[in-house]
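Below is data21.cif, holding mmCIF, C-alpha atoms.
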```cif
data_coords
loop_
_atom_site.label_atom_id
_atom_site.label_comp_id
_atom_site.auth_asym_id
_atom_site.auth_seq_id
_atom_site.Cartn_x
_atom_site.Cartn_y
_atom_site.Cartn_z
CA ALA Y 12 94.09 8.88 124.22
CA ALA Y 13 92.19 11.57 122.33
CA GLY Y 14 90.87 14.28 124.64
CA LEU Y 15 93.30 13.36 127.43
CA GLY Y 16 96.25 15.45 126.38
CA GLY Y 17 97.54 15.98 129.91
CA ALA Y 18 97.10 12.42 131.21
CA PRO Y 19 100.19 10.95 129.49
CA GLN Y 20 102.31 13.77 130.92
CA VAL Y 21 101.02 13.04 134.42
CA VAL Y 22 101.82 9.36 133.97
CA ARG Y 23 105.32 10.19 132.70
CA LEU Y 24 105.88 12.51 135.66
CA ALA Y 25 104.76 9.85 138.14
CA TRP Y 26 106.95 7.25 136.45
CA ALA Y 27 109.98 9.55 136.46
CA ALA Y 28 109.47 10.40 140.13
CA GLY Y 29 109.47 6.71 141.00
CA HIS Y 30 112.51 5.80 138.90
CA PRO Y 31 115.43 8.00 139.96
CA GLY Y 32 117.81 5.61 138.23
CA ALA Y 33 116.62 6.98 134.89
CA TRP Y 34 117.39 10.58 135.81
CA ASP Y 35 120.13 12.65 134.24
CA TRP Y 36 121.80 13.66 137.45
CA ASP Y 37 123.55 16.70 136.05
CA VAL Y 38 120.17 18.02 134.88
CA ALA Y 39 118.52 17.16 138.20
CA ALA Y 40 121.31 18.74 140.22
CA LEU Y 41 121.32 21.92 138.15
CA SER Y 42 117.53 22.20 138.40
CA ALA Y 43 117.60 21.73 142.18
CA VAL Y 44 120.31 24.36 142.64
CA VAL Y 45 118.44 26.90 140.51
CA VAL Y 46 115.12 26.27 142.27
CA VAL Y 47 116.62 26.62 145.74
CA GLY Y 48 118.76 29.55 144.68
CA THR Y 49 115.80 31.37 143.16
CA LEU Y 50 113.71 30.91 146.29
CA ARG Y 51 116.44 31.52 148.88
CA GLY Y 52 119.29 33.22 147.08
CA LYS Y 53 118.12 36.77 147.77
CA ALA Y 54 119.29 36.45 151.38
CA LEU Y 55 122.87 35.92 150.18
CA LEU Y 56 122.95 39.14 148.14
CA PRO Y 57 123.54 42.67 149.41
CA ARG Y 58 120.45 44.41 150.70
CA ARG Y 59 120.60 47.03 147.96
CA ALA Y 60 120.74 44.44 145.22
CA PRO Y 61 117.86 44.86 142.74
CA PRO Y 62 115.07 42.29 142.94
CA GLY Y 63 115.58 39.33 140.66
CA LEU Y 64 119.37 39.62 140.58
CA GLU Y 65 119.64 36.11 141.99
CA VAL Y 66 117.79 34.77 138.93
CA LEU Y 67 120.17 36.49 136.52
CA VAL Y 68 123.20 35.26 138.46
CA LEU Y 69 121.97 31.66 138.54
CA VAL Y 70 121.05 31.54 134.86
CA GLY Y 71 124.32 33.25 133.94
CA LEU Y 72 126.36 30.73 135.93
CA ALA Y 73 124.42 27.85 134.42
CA THR Y 74 125.06 29.22 130.93
CA GLY Y 75 128.77 29.59 131.69
CA LEU Y 76 129.04 26.01 132.95
CA SER Y 77 127.23 24.74 129.86
CA ALA Y 78 129.42 26.76 127.49
CA ALA Y 79 132.53 25.43 129.25
CA GLY Y 80 131.43 21.85 128.65
CA PHE Y 81 130.42 20.93 132.23
CA TYR Y 82 126.79 20.31 131.31
CA ALA Y 83 125.52 17.71 128.85
CA GLY Y 84 121.77 18.31 129.06
CA GLY Y 85 119.51 20.11 126.64
CA VAL Y 86 120.21 23.76 125.86
CA VAL Y 87 118.28 26.57 124.21
CA GLY Y 88 120.37 26.39 121.06
CA ALA Y 89 121.01 28.97 118.37
CA PRO Y 90 118.07 31.04 117.09
CA PRO Y 91 116.47 29.57 113.96
CA ALA Y 92 117.53 31.00 110.63
CA GLY Y 93 115.56 34.08 109.76
CA ALA Y 94 114.43 34.72 113.34
CA GLY Y 95 113.33 38.29 113.78
CA GLY Y 96 112.89 38.89 110.07
CA ALA Y 97 110.68 36.02 108.87
CA ARG Y 98 107.09 36.82 108.01
CA SER Y 99 104.37 34.24 108.55
CA LEU Y 100 102.08 35.83 105.96
CA ALA Y 101 103.10 37.01 102.50
CA VAL Y 102 100.24 39.54 102.49
CA ALA Y 103 98.50 41.58 105.14
CA PRO Y 104 95.32 40.06 106.67
CA TRP Y 105 93.14 42.89 105.36
CA ASP Y 106 94.24 42.16 101.79
CA LEU Y 107 92.69 38.67 101.90
CA PRO Y 108 89.02 37.72 101.41
CA PHE Y 109 87.51 36.78 104.73
CA ARG Y 110 86.90 33.21 103.62
CA ARG Y 111 90.67 32.89 103.03
CA LEU Y 112 91.31 33.97 106.59
CA VAL Y 113 88.98 31.22 107.75
CA ASP Y 114 90.94 28.79 105.60
CA LEU Y 115 94.23 29.98 107.09
CA CYS Y 116 92.97 29.34 110.59
CA TYR Y 117 92.97 25.64 109.72
CA GLY Y 118 96.36 25.47 108.05
CA GLY Y 119 95.62 26.69 104.55
CA SER Y 120 98.33 28.26 102.40
CA VAL Y 121 98.45 31.96 101.62
CA ALA Y 122 99.68 31.27 98.08
CA ALA Y 123 96.93 28.85 97.10
CA PRO Y 124 93.96 27.20 98.83
CA ARG Y 125 94.45 23.67 100.02
CA ASP Y 126 92.02 21.08 98.71
CA ARG Y 127 91.65 19.39 102.05
CA ALA Y 128 91.70 22.45 104.24
CA ILE Y 129 87.96 23.17 104.08
CA ALA Y 130 85.26 21.41 102.12
CA THR Y 131 83.34 23.88 99.99
CA LYS Y 132 79.92 23.94 98.42
CA GLY Y 133 79.11 26.38 95.66
CA GLY Y 134 82.28 28.34 96.38
CA ARG Y 135 81.31 28.91 100.02
CA PRO Y 136 83.05 27.34 103.00
CA ARG Y 137 81.11 24.49 104.57
CA ARG Y 138 81.11 24.13 108.37
CA SER Y 139 84.11 26.47 108.54
CA TRP Y 140 82.18 29.40 110.00
CA ALA Y 141 80.74 27.36 112.84
CA ALA Y 142 84.10 25.74 113.56
CA LEU Y 143 85.87 29.09 113.49
CA ALA Y 144 83.27 30.69 115.75
CA LYS Y 145 83.48 27.81 118.22
CA SER Y 146 87.27 27.76 118.41
CA SER Y 147 87.47 31.56 118.60
CA VAL Y 148 84.94 31.86 121.42
CA VAL Y 149 86.49 29.03 123.44
CA PHE Y 150 90.00 30.39 122.95
CA ALA Y 151 88.92 33.91 123.91
CA ALA Y 152 87.14 32.59 127.00
CA VAL Y 153 90.16 30.58 128.15
CA ASP Y 154 92.48 33.49 127.40
CA PHE Y 155 90.22 35.83 129.38
CA LEU Y 156 90.17 33.33 132.23
CA GLN Y 157 93.94 33.69 132.46
CA SER Y 158 93.57 37.47 132.73
CA VAL Y 159 91.00 37.08 135.50
CA SER Y 160 93.28 34.63 137.30
CA VAL Y 161 96.19 37.08 137.18
CA CYS Y 162 94.03 39.95 138.42
CA SER Y 163 92.51 37.94 141.24
CA ALA Y 164 95.93 36.65 142.26
CA PHE Y 165 97.76 39.99 142.21
CA GLU Y 166 95.50 43.05 142.03
CA ALA Y 167 93.05 41.72 144.60
CA GLU Y 168 95.87 40.45 146.79
CA ASN Y 169 97.59 43.85 146.72
CA GLY Y 170 94.36 45.78 147.27
CA HIS Y 171 94.16 47.21 143.73
CA ALA Y 172 90.75 47.66 142.12
CA TRP Y 173 90.23 45.86 138.80
CA SER Y 174 87.33 45.40 136.42
CA PRO Y 175 86.61 42.26 134.37
CA ASP Y 176 84.89 44.42 131.74
CA ARG Y 177 87.97 46.60 131.39
CA GLU Y 178 90.26 43.59 131.16
CA LEU Y 179 88.11 41.94 128.48
CA ALA Y 180 87.91 45.15 126.42
CA ALA Y 181 91.66 45.75 126.70
CA GLN Y 182 92.45 42.18 125.71
CA GLY Y 183 90.14 42.38 122.71
CA VAL Y 184 91.57 45.67 121.46
CA ALA Y 185 95.13 44.41 121.93
CA SER Y 186 94.39 41.20 120.01
CA VAL Y 187 92.82 43.11 117.11
CA ALA Y 188 95.81 45.48 116.97
CA SER Y 189 98.23 42.55 117.14
CA GLY Y 190 96.46 40.75 114.31
CA ALA Y 191 96.58 43.88 112.15
CA PHE Y 192 100.38 43.70 112.37
CA ARG Y 193 100.56 39.93 111.77
CA GLY Y 194 100.93 39.05 115.44
CA GLY Y 195 99.20 36.48 117.61
CA PRO Y 196 96.35 37.13 120.06
CA CYS Y 197 97.26 38.88 123.30
CA GLY Y 198 96.56 37.57 126.75
CA ALA Y 199 97.83 37.23 130.28
CA SER Y 200 100.03 34.47 131.68
CA LEU Y 201 99.89 33.51 135.32
CA SER Y 202 103.31 31.86 135.23
CA ARG Y 203 104.96 34.87 133.56
CA SER Y 204 103.21 37.22 135.97
CA MET Y 205 104.46 35.22 138.95
CA LEU Y 206 107.96 35.24 137.49
CA ALA Y 207 107.74 39.00 136.92
CA ARG Y 208 106.72 39.56 140.53
CA LEU Y 209 109.50 37.27 141.69
CA THR Y 210 112.01 39.44 139.84
CA GLY Y 211 110.66 42.67 141.34
CA ALA Y 212 108.04 43.92 138.87
CA THR Y 213 105.54 46.18 140.64
CA SER Y 214 103.76 48.19 137.92
CA ARG Y 215 102.40 48.03 134.37
CA ALA Y 216 105.68 49.55 133.18
CA ALA Y 217 107.23 46.10 133.56
CA GLY Y 218 105.50 44.89 130.40
CA PHE Y 219 106.75 47.86 128.39
CA VAL Y 220 110.30 47.44 129.68
CA HIS Y 221 110.18 43.72 128.92
CA GLY Y 222 109.09 44.37 125.33
CA VAL Y 223 111.75 47.01 124.69
CA ALA Y 224 114.44 44.81 126.26
CA ALA Y 225 113.39 41.79 124.19
CA ILE Y 226 113.56 43.78 120.95
CA SER Y 227 116.87 45.41 121.88
CA LEU Y 228 118.51 42.12 122.86
CA LEU Y 229 117.27 40.18 119.82
CA PRO Y 230 120.58 40.64 117.91
CA TYR Y 231 122.41 39.10 120.85
CA ALA Y 232 120.09 36.09 121.27
CA GLY Y 233 122.89 33.81 120.13
CA ALA Y 234 124.67 34.44 123.43
CA LEU Y 235 121.94 32.40 125.12
CA ALA Y 236 122.48 29.35 122.91
CA ALA Y 237 124.29 27.48 125.70
CA THR Y 238 121.67 28.28 128.35
CA PRO Y 239 120.38 25.01 129.85
CA LYS Y 240 116.67 24.48 129.39
CA ALA Y 241 116.63 22.95 132.86
CA ALA Y 242 117.77 26.24 134.38
CA LEU Y 243 114.97 28.20 132.70
CA ALA Y 244 112.40 25.56 133.64
CA ALA Y 245 113.65 25.63 137.23
CA VAL Y 246 113.14 29.41 137.43
CA VAL Y 247 109.55 29.04 136.25
CA LEU Y 248 109.04 26.14 138.66
CA ALA Y 249 110.32 28.25 141.54
CA ALA Y 250 107.91 31.04 140.62
CA VAL Y 251 104.84 28.88 140.06
CA GLY Y 252 105.52 25.81 142.21
CA PRO Y 253 104.59 27.21 145.64
CA GLY Y 254 101.22 28.40 144.37
CA VAL Y 255 100.50 25.06 142.69
CA ALA Y 256 101.61 23.01 145.68
CA ARG Y 257 99.41 25.04 148.01
CA PRO Y 258 96.68 26.92 146.13
CA LYS Y 259 95.44 29.23 148.87
CA GLY Y 260 92.44 30.47 146.90
CA VAL Y 261 91.16 26.97 146.18
CA LEU Y 262 91.85 25.72 149.71
CA ALA Y 263 89.81 28.61 151.10
CA LEU Y 264 86.69 27.51 149.20
CA ARG Y 265 84.03 25.38 150.82
CA GLY Y 266 81.14 23.22 149.69
CA SER Y 267 80.04 23.24 146.07
CA GLU Y 268 82.49 26.03 145.15
CA ALA Y 269 85.39 23.86 146.25
CA GLY Y 270 84.00 20.95 144.24
CA VAL Y 271 83.76 23.05 141.08
CA ALA Y 272 87.29 24.40 141.60
CA TRP Y 273 88.87 20.99 142.12
CA LEU Y 274 86.93 19.49 139.19
CA THR Y 275 88.20 22.30 136.95
CA ALA Y 276 91.76 21.77 138.13
CA LEU Y 277 91.59 18.00 137.63
CA ALA Y 278 90.09 18.30 134.15
CA SER Y 279 92.76 20.84 133.19
CA VAL Y 280 95.54 18.53 134.32
CA VAL Y 281 94.15 15.32 132.85
CA ALA Y 282 92.93 16.85 129.57
CA ASP Y 283 93.85 20.46 128.78
CA PRO Y 284 92.96 23.98 130.01
CA THR Y 285 90.17 24.39 127.46
CA THR Y 286 88.49 21.17 128.57
CA GLY Y 287 88.99 22.16 132.19
CA PHE Y 288 87.40 25.54 131.57
CA LEU Y 289 84.36 23.97 129.89
CA ALA Y 290 84.07 21.34 132.62
CA GLY Y 291 84.18 24.06 135.27
CA LEU Y 292 81.48 26.08 133.49
CA ALA Y 293 79.26 23.01 133.20
CA ALA Y 294 79.76 22.13 136.87
CA ALA Y 295 79.08 25.70 137.99
CA ALA Y 296 75.91 25.83 135.87
CA ALA Y 297 74.73 22.51 137.32
CA VAL Y 298 75.38 23.70 140.87
CA ALA Y 299 73.55 26.95 140.20
CA ALA Y 300 70.59 25.11 138.69
CA LEU Y 301 70.36 22.68 141.59
CA GLY Y 302 70.69 25.53 144.05
CA GLY Y 303 67.81 27.38 142.38
CA LYS Y 304 65.58 24.32 142.49
CA ASN Y 305 66.37 23.69 146.15
CA SER Y 306 65.60 27.31 147.08
CA LYS Y 307 62.24 27.11 145.29
CA LYS Y 308 61.37 23.90 147.14
CA ALA Y 309 62.36 25.46 150.45
CA SER Y 310 60.14 28.48 149.81
#
```
Structure translated into structure tokens:
Amino acid sequence: AAGLGGAPQVVRLAWAAGHPGAWDWDVAALSAVVVVGTLRGKALLPRRAPPGLEVLVLVGLATGLSAAGFYAGGVVGAPPAGAGGARSLAVAPWDLPFRRLVDLCYGGSVAAPRDRAIATKGGRPRRSWAALAKSSVVFAAVDFLQSVSVCSAFEAENGHAWSPDRELAAQGVASVASGAFRGGPCGASLSRSMLARLTGATSRAAGFVHGVAAISLLPYAGALAATPKAALAAVVLAAVGPGVARPKGVLALRGSEAGVAWLTALASVVADPTTGFLAGLAAAAAVAALGGKNSKKAS
């Protein structure tokens, strides 16, 4: 159903959980081993082993088994042709009229405008500016919400001071700089941050090292073609799963705050994160409005 993007996935997950006969047991077994190994494997390694070594060992073994033909599930596969050298735009963004950039945001072609992309009136885009402003603001808000979630989950937990204003400014500058070089908008990822902490990241240098390593290893990406997708998904599940299964921050809330939090979570799961974010804002505004009215009556 339209607007319920997450609901079919929840139904599929519930159906799969109740029908083990439909499982691919080699995929399920590999996933279980990687999850348990990621969570408990550190105890089996030498004390001086670097953090996250268990993840590399597990993924490496899974890749070896797949390459040897002992795994029939889905794999990462070879990089697409032109990866690393393909350009999404034939010209730089600043060389295009701004109205063309608006067109491109809705799937228009750089070479020639599409007739159906945006209806025009007198040579000016119709409804495109409002649609672009709406999608941009909502996307930026949801993206910023991820940054706040990461900061509240890690900086606050570790006793580090952080500023929402600083995070918003940094994210905006980074997105502008990325767009100038034909990149996508920048933002934080709670799942990637949890995975980074699981593998021993403790400072902002982790992001720089990750970027340099990704660029340096790009020519050797083909070596990961046989890596099982289930192994990678299991690593992410091991990093994120405990926090999802028992969200300490949400469980610590009481009263109307807990209601807003659980409503936001439910809407995000059933629909999508953007809808969940908007539902949470609406619920918080309603609670605040009702609270103000009640306080006035009490006074």
A straight line from atom CA of Thr275 of chain Y to atom CA of Gly291 of chain Y spans 4.7 Å
Applying the PyMOL selection byres ((chain Y and resi 277-284) around 12) to the file I just gave you, which residues come out? Please list them as a ChimeraX atom specification. /Y:12-22,149-150,152-154,156-157,255,270-276,285-294
Go ahead and dump the residues you just picked, C-alpha atoms, as an mmCIF file, keeping the file's coordinate frame.
```
data_model
loop_
_atom_site.group_PDB
_atom_site.id
_atom_site.type_symbol
_atom_site.label_atom_id
_atom_site.label_comp_id
_atom_site.auth_asym_id
_atom_site.auth_seq_id
_atom_site.Cartn_x
_atom_site.Cartn_y
_atom_site.Cartn_z
ATOM 1 C CA ALA Y 12 94.090 8.880 124.220
ATOM 2 C CA ALA Y 13 92.190 11.570 122.330
ATOM 3 C CA GLY Y 14 90.870 14.280 124.640
ATOM 4 C CA LEU Y 15 93.300 13.360 127.430
ATOM 5 C CA GLY Y 16 96.250 15.450 126.380
ATOM 6 C CA GLY Y 17 97.540 15.980 129.910
ATOM 7 C CA ALA Y 18 97.100 12.420 131.210
ATOM 8 C CA PRO Y 19 100.190 10.950 129.490
ATOM 9 C CA GLN Y 20 102.310 13.770 130.920
ATOM 10 C CA VAL Y 21 101.020 13.040 134.420
ATOM 11 C CA VAL Y 22 101.820 9.360 133.970
ATOM 12 C CA VAL Y 149 86.490 29.030 123.440
ATOM 13 C CA PHE Y 150 90.000 30.390 122.950
ATOM 14 C CA ALA Y 152 87.140 32.590 127.000
ATOM 15 C CA VAL Y 153 90.160 30.580 128.150
ATOM 16 C CA ASP Y 154 92.480 33.490 127.400
ATOM 17 C CA LEU Y 156 90.170 33.330 132.230
ATOM 18 C CA GLN Y 157 93.940 33.690 132.460
ATOM 19 C CA VAL Y 255 100.500 25.060 142.690
ATOM 20 C CA GLY Y 270 84.000 20.950 144.240
ATOM 21 C CA VAL Y 271 83.760 23.050 141.080
ATOM 22 C CA ALA Y 272 87.290 24.400 141.600
ATOM 23 C CA TRP Y 273 88.870 20.990 142.120
ATOM 24 C CA LEU Y 274 86.930 19.490 139.190
ATOM 25 C CA THR Y 275 88.200 22.300 136.950
ATOM 26 C CA ALA Y 276 91.760 21.770 138.130
ATOM 27 C CA THR Y 285 90.170 24.390 127.460
ATOM 28 C CA THR Y 286 88.490 21.170 128.570
ATOM 29 C CA GLY Y 287 88.990 22.160 132.190
ATOM 30 C CA PHE Y 288 87.400 25.540 131.570
ATOM 31 C CA LEU Y 289 84.360 23.970 129.890
ATOM 32 C CA ALA Y 290 84.070 21.340 132.620
ATOM 33 C CA GLY Y 291 84.180 24.060 135.270
ATOM 34 C CA LEU Y 292 81.480 26.080 133.490
ATOM 35 C CA ALA Y 293 79.260 23.010 133.200
ATOM 36 C CA ALA Y 294 79.760 22.130 136.870
#
```
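The coordinates place atom CA of Gly84 of chain Y at 16.8 Å from atom CA of Val46 of chain Y.
In this structure, atom CA of Glu65 of chain Y sits 20.7 Å away from atom CA of Ala232 of chain Y.
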Could you give me, as a PDB file with C-alpha atoms, in the frame of the given file, the residues within 12 Å of segment 211-213 of chain Y, counting all atoms listed in the file and dropping anything in the same chain fewer than 3 positions from it?
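Generated file (result25.pdb):
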```
ATOM      1  CA  LYS Y  53     118.120  36.770 147.770  1.00  0.00           C
ATOM      2  CA  ALA Y  60     120.740  44.440 145.220  1.00  0.00           C
ATOM      3  CA  PRO Y  61     117.860  44.860 142.740  1.00  0.00           C
ATOM      4  CA  PRO Y  62     115.070  42.290 142.940  1.00  0.00           C
ATOM      5  CA  GLY Y  63     115.580  39.330 140.660  1.00  0.00           C
ATOM      6  CA  LEU Y  64     119.370  39.620 140.580  1.00  0.00           C
ATOM      7  CA  GLU Y  65     119.640  36.110 141.990  1.00  0.00           C
ATOM      8  CA  VAL Y  66     117.790  34.770 138.930  1.00  0.00           C
ATOM      9  CA  PHE Y 165      97.760  39.990 142.210  1.00  0.00           C
ATOM     10  CA  GLU Y 166      95.500  43.050 142.030  1.00  0.00           C
ATOM     11  CA  ASN Y 169      97.590  43.850 146.720  1.00  0.00           C
ATOM     12  CA  HIS Y 171      94.160  47.210 143.730  1.00  0.00           C
ATOM     13  CA  ARG Y 203     104.960  34.870 133.560  1.00  0.00           C
ATOM     14  CA  SER Y 204     103.210  37.220 135.970  1.00  0.00           C
ATOM     15  CA  MET Y 205     104.460  35.220 138.950  1.00  0.00           C
ATOM     16  CA  LEU Y 206     107.960  35.240 137.490  1.00  0.00           C
ATOM     17  CA  ALA Y 207     107.740  39.000 136.920  1.00  0.00           C
ATOM     18  CA  ARG Y 208     106.720  39.560 140.530  1.00  0.00           C
ATOM     19  CA  ALA Y 216     105.680  49.550 133.180  1.00  0.00           C
ATOM     20  CA  ALA Y 217     107.230  46.100 133.560  1.00  0.00           C
ATOM     21  CA  GLY Y 218     105.500  44.890 130.400  1.00  0.00           C
ATOM     22  CA  PHE Y 219     106.750  47.860 128.390  1.00  0.00           C
ATOM     23  CA  VAL Y 220     110.300  47.440 129.680  1.00  0.00           C
ATOM     24  CA  HIS Y 221     110.180  43.720 128.920  1.00  0.00           C
ATOM     25  CA  ALA Y 250     107.910  31.040 140.620  1.00  0.00           C
TER      26      ALA Y 250
END
```
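Counting all atoms listed in the file, the residue from Y:Ala79, Y:Val223, Y:Leu209, Y:Ala241 that sits nearest to Asp35 of chain Y is Y:Ala241.
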